[in-house]
Structure formats: structure tokens, C-alpha cells
>>> print(open('protein_36.csv').read())   # CSV, C-alpha atoms
chain,number,residue,atom,x,y,z
A,14,MET,CA,80.3,125.6,103.8
A,15,ALA,CA,82.5,122.8,102.6
A,16,VAL,CA,86.2,123.5,102.3
A,17,GLU,CA,88.9,121.8,100.1
A,18,ALA,CA,90.4,118.7,101.7
A,19,PHE,CA,93.6,119.4,103.6
A,20,SER,CA,93.7,123.1,102.6
A,21,SER,CA,94.5,126.0,104.9
A,22,GLU,CA,90.8,126.6,105.3
A,23,TRP,CA,90.3,123.0,106.3
A,24,ALA,CA,93.2,123.4,108.8
A,25,GLN,CA,91.5,126.5,110.3
A,26,GLN,CA,88.2,124.7,110.7
A,27,PHE,CA,89.8,121.6,112.1
A,28,LYS,CA,91.5,123.8,114.7
A,29,GLU,CA,88.2,125.4,115.6
A,30,GLU,CA,86.5,122.0,116.0
A,31,ILE,CA,89.3,120.8,118.3
A,32,ASN,CA,89.1,123.9,120.4
A,33,ARG,CA,85.3,123.6,120.7
A,34,SER,CA,85.6,120.0,122.0
A,35,THR,CA,85.4,119.8,125.8
A,36,VAL,CA,86.1,116.0,125.5
A,37,TYR,CA,89.4,116.8,123.7
A,38,ARG,CA,90.3,119.6,126.2
A,39,GLN,CA,89.9,117.1,129.1
A,40,ALA,CA,91.5,114.1,127.4
A,41,ALA,CA,94.6,116.0,126.1
A,42,LYS,CA,95.5,117.6,129.4
A,43,GLY,CA,99.3,117.4,129.7
A,44,TRP,CA,99.9,116.8,126.0
A,45,LYS,CA,102.8,119.0,124.9
A,46,TRP,CA,104.1,117.6,121.6
A,47,THR,CA,103.7,118.6,118.0
A,48,VAL,CA,101.9,116.2,115.6
A,49,GLY,CA,102.5,116.0,111.9
A,50,LEU,CA,100.0,114.4,109.5
A,51,VAL,CA,101.6,113.5,106.2
A,52,VAL,CA,99.0,113.2,103.4
A,53,GLU,CA,100.7,111.3,100.6
A,54,ALA,CA,99.8,112.3,97.0
A,55,GLU,CA,97.5,110.2,94.9
A,56,PRO,CA,97.4,112.0,91.6
A,57,ASP,CA,94.9,109.5,90.2
A,58,ARG,CA,92.4,110.6,92.8
A,59,GLY,CA,93.0,114.3,92.2
A,60,PHE,CA,95.5,114.8,95.1
A,61,ALA,CA,98.6,115.7,93.1
A,62,GLU,CA,101.2,116.5,95.7
A,63,SER,CA,101.9,115.3,99.2
A,64,ARG,CA,101.1,117.8,102.0
A,65,GLY,CA,101.9,118.0,105.7
A,66,ILE,CA,99.6,119.2,108.4
A,67,VAL,CA,101.6,120.6,111.3
A,68,MET,CA,99.7,120.7,114.6
A,69,ASP,CA,100.9,122.6,117.6
A,70,LEU,CA,98.8,121.0,120.3
A,71,PHE,CA,99.4,122.0,123.9
A,72,ASP,CA,97.6,120.9,127.1
A,73,GLY,CA,94.2,120.4,125.6
A,74,GLU,CA,94.3,123.3,123.1
A,75,ALA,CA,95.1,123.4,119.4
A,76,ARG,CA,97.4,126.5,119.4
A,77,ASP,CA,98.0,126.3,115.6
A,78,ILE,CA,97.3,124.0,112.8
A,79,ARG,CA,98.7,124.8,109.4
A,80,VAL,CA,99.3,123.2,106.0
A,81,GLY,CA,102.9,122.8,104.9
A,82,SER,CA,105.2,120.4,103.1
A,83,ALA,CA,105.4,116.7,104.0
A,84,ASP,CA,108.9,117.4,105.3
A,85,ASN,CA,107.4,120.1,107.7
A,86,ALA,CA,105.1,117.4,109.1
A,87,ARG,CA,107.9,114.8,109.3
A,88,ALA,CA,109.8,117.1,111.6
A,89,CYS,CA,107.1,116.9,114.3
A,90,ASP,CA,107.4,114.9,117.5
A,91,PHE,CA,104.7,112.5,116.3
A,92,VAL,CA,104.1,111.8,112.7
A,93,ILE,CA,101.2,109.9,111.2
A,94,THR,CA,101.6,109.0,107.5
A,95,ALA,CA,99.0,107.7,105.1
A,96,PRO,CA,98.0,108.2,101.5
A,97,TYR,CA,95.2,110.7,100.7
A,98,SER,CA,92.5,108.0,100.3
A,99,ARG,CA,93.2,106.6,103.8
A,100,TRP,CA,92.9,110.0,105.4
A,101,LYS,CA,89.7,110.4,103.6
A,102,GLN,CA,88.5,107.1,105.1
A,103,VAL,CA,89.4,108.4,108.5
A,104,ALA,CA,87.6,111.7,108.0
A,105,THR,CA,84.5,110.0,106.7
A,106,LYS,CA,84.4,107.5,109.6
A,107,GLU,CA,85.1,104.5,107.3
A,108,LEU,CA,88.4,103.8,109.1
A,109,ASP,CA,88.8,104.1,112.8
A,110,ALA,CA,92.2,105.7,113.6
A,111,THR,CA,93.1,103.3,116.3
A,112,ARG,CA,92.4,100.3,114.1
A,113,GLY,CA,94.2,102.1,111.3
A,114,MET,CA,97.4,102.3,113.4
A,115,LEU,CA,97.1,98.7,114.7
A,116,THR,CA,96.9,97.4,111.1
A,117,GLY,CA,99.6,99.7,109.7
A,118,LYS,CA,97.2,101.5,107.4
A,119,LEU,CA,98.2,104.7,109.3
A,120,LYS,CA,101.9,104.6,110.0
A,121,LEU,CA,102.9,106.1,113.3
A,122,LYS,CA,106.3,107.5,114.3
A,123,GLY,CA,106.9,108.6,117.8
A,124,ASP,CA,106.9,107.5,121.4
A,125,LEU,CA,104.4,104.7,121.6
A,126,PRO,CA,103.6,104.8,125.3
A,127,THR,CA,102.8,108.5,125.0
A,128,ILE,CA,100.4,108.1,122.1
A,129,VAL,CA,98.7,105.1,123.9
A,130,ARG,CA,98.3,107.2,127.0
A,131,TYR,CA,96.4,109.8,124.9
A,132,THR,CA,94.3,107.3,123.0
A,133,LYS,CA,91.0,109.1,124.0
A,134,ALA,CA,92.4,112.5,122.9
A,135,SER,CA,93.4,111.1,119.5
A,136,GLN,CA,90.0,109.5,119.0
A,137,GLU,CA,88.3,112.8,119.8
A,138,MET,CA,90.7,114.6,117.4
A,139,THR,CA,89.6,112.1,114.7
A,140,GLU,CA,85.9,112.9,115.6
A,141,CYS,CA,86.8,116.6,115.1
A,142,THR,CA,88.0,115.9,111.5
A,143,THR,CA,84.7,114.3,110.7
A,144,ARG,CA,82.8,117.4,111.7
A,145,VAL,CA,84.6,119.6,109.1
A,146,PRO,CA,82.5,119.6,105.9
A,147,VAL,CA,84.9,118.8,103.1
A,148,ARG,CA,85.1,118.9,99.3
A,149,TRP,CA,87.0,115.9,98.2
A,150,PRO,CA,89.0,116.2,94.9
A,151,ASP,CA,88.0,112.7,93.8
A,152,GLU,CA,84.2,113.3,94.1
B,12,MET,CA,133.9,105.5,132.0
B,13,HIS,CA,132.4,102.2,131.1
B,14,ASP,CA,135.0,99.6,130.2
B,15,ALA,CA,133.6,96.8,128.1
B,16,GLY,CA,136.7,94.7,128.6
B,17,ALA,CA,139.3,93.4,126.3
B,18,GLY,CA,137.9,91.9,123.1
B,19,GLN,CA,134.3,92.9,124.0
B,20,VAL,CA,132.2,95.4,122.2
B,21,ALA,CA,129.7,97.3,124.3
B,22,ARG,CA,126.4,97.2,122.5
B,23,ARG,CA,122.8,97.4,123.3
B,24,VAL,CA,121.0,94.1,123.0
B,25,SER,CA,117.4,94.4,121.8
B,26,LEU,CA,114.9,93.3,124.4
B,27,VAL,CA,112.3,92.5,121.8
B,28,GLU,CA,112.7,90.3,118.7
B,29,TYR,CA,110.2,89.4,116.0
B,30,ALA,CA,109.9,85.8,114.9
B,31,GLU,CA,108.9,86.9,111.4
B,32,GLY,CA,111.7,89.5,111.3
B,33,GLU,CA,110.9,92.2,108.8
B,34,ASN,CA,107.6,90.6,108.0
B,35,ALA,CA,106.3,91.2,111.5
B,36,SER,CA,102.8,92.5,111.3
B,37,PRO,CA,102.2,96.2,112.2
B,38,PHE,CA,100.2,95.0,115.2
B,39,ALA,CA,103.1,92.8,116.3
B,40,GLN,CA,105.5,95.7,115.9
B,41,MET,CA,103.2,98.0,117.8
B,42,LEU,CA,102.8,95.7,120.9
B,43,GLY,CA,106.5,94.8,120.8
B,44,GLY,CA,107.5,98.4,120.5
B,45,LEU,CA,105.2,99.4,123.3
B,46,ILE,CA,106.6,96.9,125.7
B,47,GLU,CA,110.1,97.6,124.8
B,48,ALA,CA,109.6,101.4,125.2
B,49,ASN,CA,107.9,100.7,128.6
B,50,VAL,CA,110.7,98.5,129.9
B,51,ASP,CA,113.4,100.9,128.6
B,52,ALA,CA,111.8,104.0,130.1
B,53,ARG,CA,110.6,102.5,133.4
B,54,PRO,CA,113.3,100.6,135.3
B,55,GLU,CA,110.6,99.4,137.8
B,56,LYS,CA,109.1,97.2,135.0
B,57,ARG,CA,112.4,95.5,134.4
B,58,ALA,CA,111.9,93.0,137.2
B,59,ASP,CA,108.6,91.8,135.7
B,60,PHE,CA,110.2,91.6,132.2
B,61,ASP,CA,113.2,89.7,133.5
B,62,SER,CA,111.2,87.1,135.5
B,63,LEU,CA,108.3,86.5,133.2
B,64,LYS,CA,108.3,83.3,131.3
B,65,ALA,CA,105.0,82.8,129.5
B,66,ARG,CA,103.3,82.7,126.1
B,67,VAL,CA,100.6,85.3,125.9
B,68,GLY,CA,98.2,85.7,123.0
B,69,VAL,CA,96.5,89.0,122.2
B,70,PHE,CA,93.7,88.9,119.6
B,71,VAL,CA,92.0,92.0,118.4
B,72,THR,CA,88.5,91.0,117.4
B,73,ASP,CA,87.6,94.0,115.2
B,74,ILE,CA,90.8,93.8,113.1
B,75,ASP,CA,90.9,90.0,113.1
B,76,GLU,CA,94.6,90.0,114.0
B,77,GLY,CA,96.5,88.5,116.8
B,78,VAL,CA,100.0,88.1,118.1
B,79,THR,CA,101.7,85.8,120.5
B,80,LEU,CA,104.1,87.3,123.0
B,81,GLU,CA,106.7,84.8,124.1
B,82,PHE,CA,108.3,86.1,127.3
B,83,LEU,CA,111.6,84.4,127.8
B,84,GLY,CA,112.8,85.9,131.0
B,85,GLY,CA,114.5,89.1,130.0
B,86,ARG,CA,113.7,88.8,126.3
B,87,LEU,CA,110.5,88.9,124.3
B,88,LEU,CA,109.9,87.1,121.0
B,89,VAL,CA,106.8,88.4,119.2
B,90,HIS,CA,105.1,86.1,116.7
B,91,ASN,CA,102.5,87.1,114.2
B,92,GLY,CA,99.2,85.3,114.9
B,93,LEU,CA,98.1,83.1,117.7
B,94,GLN,CA,100.7,80.3,118.2
B,95,PRO,CA,100.1,77.1,120.1
B,96,GLY,CA,101.0,76.6,123.7
B,97,ARG,CA,99.7,79.8,125.1
B,98,ASP,CA,99.3,80.3,128.8
B,99,LEU,CA,96.9,83.2,128.4
B,100,THR,CA,95.0,84.6,125.6
B,101,ILE,CA,93.4,88.1,125.7
B,102,ARG,CA,90.6,88.7,123.2
B,103,ALA,CA,89.2,92.2,122.8
B,104,ASP,CA,88.4,94.9,120.4
B,105,ALA,CA,91.0,97.6,119.5
B,106,ASP,CA,89.7,100.2,121.9
B,107,THR,CA,89.7,97.7,124.8
B,108,VAL,CA,93.3,96.7,124.1
B,109,MET,CA,94.2,100.4,124.3
B,110,GLN,CA,92.3,100.7,127.5
B,111,LEU,CA,94.2,97.7,129.0
B,112,SER,CA,97.4,99.6,128.3
B,113,ASN,CA,95.9,102.5,130.3
B,114,VAL,CA,95.1,100.6,133.4
B,115,LYS,CA,97.0,102.2,136.3
B,116,ILE,CA,99.2,100.2,138.6
B,117,GLY,CA,98.3,100.8,142.2
B,118,PHE,CA,98.9,99.5,145.7
B,119,ALA,CA,101.2,96.5,146.0
B,120,ARG,CA,101.9,96.7,142.2
B,121,MET,CA,98.4,95.5,141.5
B,122,PRO,CA,96.5,96.8,138.5
B,123,ASN,CA,93.9,99.3,139.7
B,124,TYR,CA,90.4,98.2,138.6
B,125,MET,CA,88.7,100.6,140.9
B,126,ASP,CA,89.3,103.9,139.0
B,127,ALA,CA,87.3,104.9,135.8
B,128,THR,CA,89.5,103.1,133.3
B,129,GLY,CA,89.8,100.0,135.5
B,130,ARG,CA,86.0,99.8,136.0
B,131,GLU,CA,85.4,100.1,132.3
B,132,VAL,CA,87.8,97.2,131.7
B,133,VAL,CA,86.0,95.1,134.3
B,134,ALA,CA,82.6,96.1,132.8
B,135,LYS,CA,83.8,95.0,129.3
B,136,MET,CA,84.9,91.7,130.8
B,137,LEU,CA,81.5,91.2,132.3
B,138,ARG,CA,79.8,92.0,129.1
B,139,GLY,CA,82.0,89.6,127.2
B,140,ARG,CA,83.8,92.3,125.1
B,141,LEU,CA,87.0,91.3,126.8
B,142,LYS,CA,87.8,87.6,127.2
B,143,ILE,CA,90.8,86.1,128.9
B,144,ASP,CA,91.4,82.4,128.2
B,145,GLY,CA,93.6,80.6,130.7
B,146,LEU,CA,93.1,83.0,133.6
B,147,LEU,CA,92.7,80.3,136.1
B,148,GLY,CA,96.1,79.5,137.5
B,149,ASN,CA,97.7,82.4,135.6
B,150,LEU,CA,96.6,85.4,137.5
B,151,THR,CA,100.1,86.4,138.4
B,152,THR,CA,101.1,86.2,134.8
B,153,LEU,CA,98.2,88.4,133.9
B,154,ASN,CA,99.2,91.0,136.5
B,155,GLN,CA,102.8,91.0,135.2
B,156,VAL,CA,101.7,91.4,131.6
B,157,THR,CA,99.3,94.2,132.6
B,158,ARG,CA,102.1,96.0,134.3
B,159,LEU,CA,104.3,95.6,131.2
B,160,PHE,CA,101.5,96.9,129.0
B,161,SER,CA,100.6,99.8,131.2
B,162,VAL,CA,101.7,103.2,130.0
B,163,GLN,CA,100.2,104.8,133.1
B,164,GLY,CA,102.1,105.9,136.2
B,165,GLY,CA,100.8,105.2,139.6
B,166,GLY,CA,102.0,103.6,142.7
B,167,TYR,CA,104.3,101.2,141.0
B,168,SER,CA,106.4,100.4,144.0
B,169,ARG,CA,107.3,97.4,146.0
>>> encode(input="protein_36.csv", output="C-alpha cells")
Amino acid sequence: MAVEAFSSEWAQQFKEEINRSTVYRQAAKGWKWTVGLVVEAEPDRGFAESRGIVMDLFDGEARDIRVGSADNARACDFVITAPYSRWKQVATKELDATRGMLTGKLKLKGDLPTIVRYTKASQEMTECTTRVPVRWPDE
Amino acid sequence: MHDAGAGQVARRVSLVEYAEGENASPFAQMLGGLIEANVDARPEKRADFDSLKARVGVFVTDIDEGVTLEFLGGRLLVHNGLQPGRDLTIRADADTVMQLSNVKIGFARMPNYMDATGREVVAKMLRGRLKIDGLLGNLTTLNQVTRLFSVQGGGYSR
């Protein structure tokens, strides 16, 4: 059943998808940092307030993923920021996350060599988002 | 305690500068930031950085964006776009550029093209998904640039 975009239910399903992925488990071996996704508000698209997705990822496992404030997400070791519609493009495979970061459509804060070392893991994590059926507020 | 000397101010000089300043493209900032972080964190890369004098273009085919890395022997000037006078130009899609940064450095400080990542890079070159213009005569430069790009550990020793 589809869940509301970037809601607690979405976070729970996203976590389950990550933990189901053997590709992610392998590619993210050694990862030990928190990741925050800042989803910036776009009221004209039905996404009224910015939200933060706080991801506790450790050694190939998603230990916890929860929805909080944008500031919660900004406090993570790695922070990726984009407006709602860009995240929707990522989740619907319209925008590849790597290309998004190289073109500045997704803004990354954090140690670059570390994120580059785990490119495969971040690509698989993006794949996991595409597997969560979502109700988009602007559709 | 470090003594900067009379009349001198101890300050960190940036290794990487951007020709377009605040208008540097996100891709330019990412590549420049990656190399700066690598050189900062890994003293063994410093010798390559200090000795390298070359203009290297990197063009990412699927975002249609490029940069020129002007290595000035201990300093790097990053330009938006492909600028004239390049010694080497690497053309590849975004995934391959990321893969290049994951090539391990092996025996005798040579990039390791024998492990899984290295073999994939070679295969992409053979299939034409990775093109390197100016390779003839600039193999040493390519190896130095690969070491500066690489975020992977490995036998990076003399």
C-alpha cells in the first residue's frame, strides 16, 4: 500500500527496503556515519513544511530511519539537501542521485572522499527509495 | 609551539582555487573539493600534488559538463568547462568518473587495474565509455592524477 511521501510510514518502509538489500549490505560495509536528508518545503506542490530524514546507518545496516525537523537532519555527519520536487525526481528515477550531486541539484555536505568511496552504497540506497510505493501530495 | 616569525601571520593557504570564484560550477567544486580533501588527509599524495604541472580536462558525458584542472605544482586552479591547452582529457559518464575515484593504488604506486573496480574501468575504456585524449606521452600524468583522485587505500608506498 502506498504511503505518504517522507512520512514516518515511508521512513519505516525505506528502512525495511534497505535492510532487505544484499547489494547495500555488501556495498556499505564499514559505513559508520549518520546521514540527513533535508526535504525543503514547496507549498505550491502540497509540501508545506521542510522535513528532515535522519538515517542511522551502520556497517551495511539501517539501524533507524526517522522523520524529524530539517535541523535534525542538518546535524548529521552527511547532509543532502534538495527541494521536495527534486527528491521526488530521485525517488521516481527521473534523476540519478550521482548526477544530481555532480550538477548541484542535490547539495551535499560532508567528507567528499568518504561519500565517493561509498558511491555504490548510495546508488543502491537510491534504488531502495524507488521501491517504496508513495502517495505524492502534488498528484 | 609554532613560531610564525615576526610580522608573519600563520595561516592556512588553500591548495585549491577556482578560476570562476563563487561562480564555480557544482562539478568544479566537487572535483576540487575531492582532491583538496585527499591531499589534506593523505600526506602520501602530497608529493604528486606538489610535483604535478599539467592541465587536465574532465568531461562528464551524461551531464554535459566539464572542468579543467590546472595543476600548478603545489596548487590547483579549477576552471569551469574545458579550457584550451589541455595535456589530458578524460571523458566518461558520471558513474565512471566515480569509479575512477575508486581505483586502488597498488604496487609501486601504480593504479591497480587488476581488481574488480580496475577491471571495470578498463572494460569501459575498451567499450568506449571512457575516453582519454592525450594519453600518449602523458601516462605518468594520468597515473599522478589517478592517485590524486583515488579515495581508496592500498599499497600507496614508495
>>> closest_atom_pairs(input="protein_36.csv", of="chain A", to="chain B", cutoff="6 Å", atoms="all atoms listed in the file", output="CSV")
residue,atom,partner,partner_atom,distance
A:Leu115,CA,B:Phe38,CA,4.9
A:Thr116,CA,B:Pro37,CA,5.5
A:Gly117,CA,B:Pro37,CA,5.0
A:Leu125,CA,B:Leu45,CA,5.6
A:Pro126,CA,B:Val162,CA,5.3
>>> residues_near_point(input="protein_36.csv", point="(103.4, 116.7, 113.7)", cutoff="6 Å", atoms="all atoms listed in the file", output="VMD selection string")
chain A and resid 47 to 50 67 to 68 86 89 to 92
>>> write_last_selection(input="protein_36.csv", atoms="C-alpha atoms", output="tab-separated table (two decimals), in the frame of the given file")
chain	number	residue	atom	x	y	z
A	47	THR	CA	103.70	118.60	118.00
A	48	VAL	CA	101.90	116.20	115.60
A	49	GLY	CA	102.50	116.00	111.90
A	50	LEU	CA	100.00	114.40	109.50
A	67	VAL	CA	101.60	120.60	111.30
A	68	MET	CA	99.70	120.70	114.60
A	86	ALA	CA	105.10	117.40	109.10
A	89	CYS	CA	107.10	116.90	114.30
A	90	ASP	CA	107.40	114.90	117.50
A	91	PHE	CA	104.70	112.50	116.30
A	92	VAL	CA	104.10	111.80	112.70
>>> atom_distance(input="protein_36.csv", atom1="CA of Phe71 (chain A)", atom2="CA of Arg130 (chain A)")
15.2 Å
>>> residues_around(input="protein_36.csv", residues="region 128-144 of chain B", least_positions_apart="6", cutoff="6 Å", atoms="only C-alpha atoms", output="list in words")
Leu99, Thr100, Ile101, Arg102, Ala103 and Val114 of chain B
>>> residues_around(input="protein_36.csv", residues="region 133-143 of chain A", least_positions_apart="4", cutoff="7 Å", atoms="only C-alpha atoms", output="list in words")
Phe27, Glu30, Ile31, Val36, Tyr37, Ala40, Ala41, Ala104, Thr105, Lys106 and Ala110 of chain A
>>> atom_distance(input="protein_36.csv", atom1="CA of Leu146 (chain B)", atom2="CA of Val69 (chain B)")
13.3 Å
>>> atom_distance(input="protein_36.csv", atom1="CA of Ala95 (chain A)", atom2="CA of Val50 (chain B)")
28.9 Å
>>> residues_near_point(input="protein_36.csv", point="(117.6, 100.2, 132.7)", cutoff="12 Å", atoms="only C-alpha atoms", output="list in words")
Arg23, Val24, Leu26, Glu47, Ala48, Asn49, Val50, Asp51, Ala52, Arg53, Pro54, Glu55, Lys56, Arg57, Ala58, Phe60, Asp61 and Gly85 of chain B
>>> write_last_selection(input="protein_36.csv", atoms="C-alpha atoms", output="short mmCIF file (atom, residue, chain, number, x, y, z; two decimals), in the coordinates of the input")
data_model
loop_
_atom_site.label_atom_id
_atom_site.label_comp_id
_atom_site.auth_asym_id
_atom_site.auth_seq_id
_atom_site.Cartn_x
_atom_site.Cartn_y
_atom_site.Cartn_z
CA ARG B 23 122.80 97.40 123.30
CA VAL B 24 121.00 94.10 123.00
CA LEU B 26 114.90 93.30 124.40
CA GLU B 47 110.10 97.60 124.80
CA ALA B 48 109.60 101.40 125.20
CA ASN B 49 107.90 100.70 128.60
CA VAL B 50 110.70 98.50 129.90
CA ASP B 51 113.40 100.90 128.60
CA ALA B 52 111.80 104.00 130.10
CA ARG B 53 110.60 102.50 133.40
CA PRO B 54 113.30 100.60 135.30
CA GLU B 55 110.60 99.40 137.80
CA LYS B 56 109.10 97.20 135.00
CA ARG B 57 112.40 95.50 134.40
CA ALA B 58 111.90 93.00 137.20
CA PHE B 60 110.20 91.60 132.20
CA ASP B 61 113.20 89.70 133.50
CA GLY B 85 114.50 89.10 130.00
#
>>> residues_around(input="protein_36.csv", residues="Gln94 (chain B)", least_positions_apart="5", cutoff="8 Å", atoms="all atoms listed in the file", output="list in words")
Gly68, Val78 and Thr79 of chain B
>>> closest_residue(input="protein_36.csv", among="B:Gly96, B:Tyr29, B:Leu153, B:Lys64", to="Leu111 (chain B)", atoms="all atoms listed in the file")
B:Leu153
>>> closest_residue(input="protein_36.csv", among="B:Gly145, B:Pro122, B:Gly77, B:Gly117", to="Asp98 (chain B)", atoms="all atoms listed in the file")
B:Gly145
>>> closest_residue(input="protein_36.csv", among="B:Arg120, B:Arg86, B:Arg97, B:Arg66", to="Asn154 (chain B)", atoms="all atoms listed in the file")
B:Arg120
>>> closest_residue(input="protein_36.csv", among="A:Lys101, A:Gly73, A:Glu55, A:Tyr131", to="Glu17 (chain A)", atoms="all atoms listed in the file")
A:Lys101
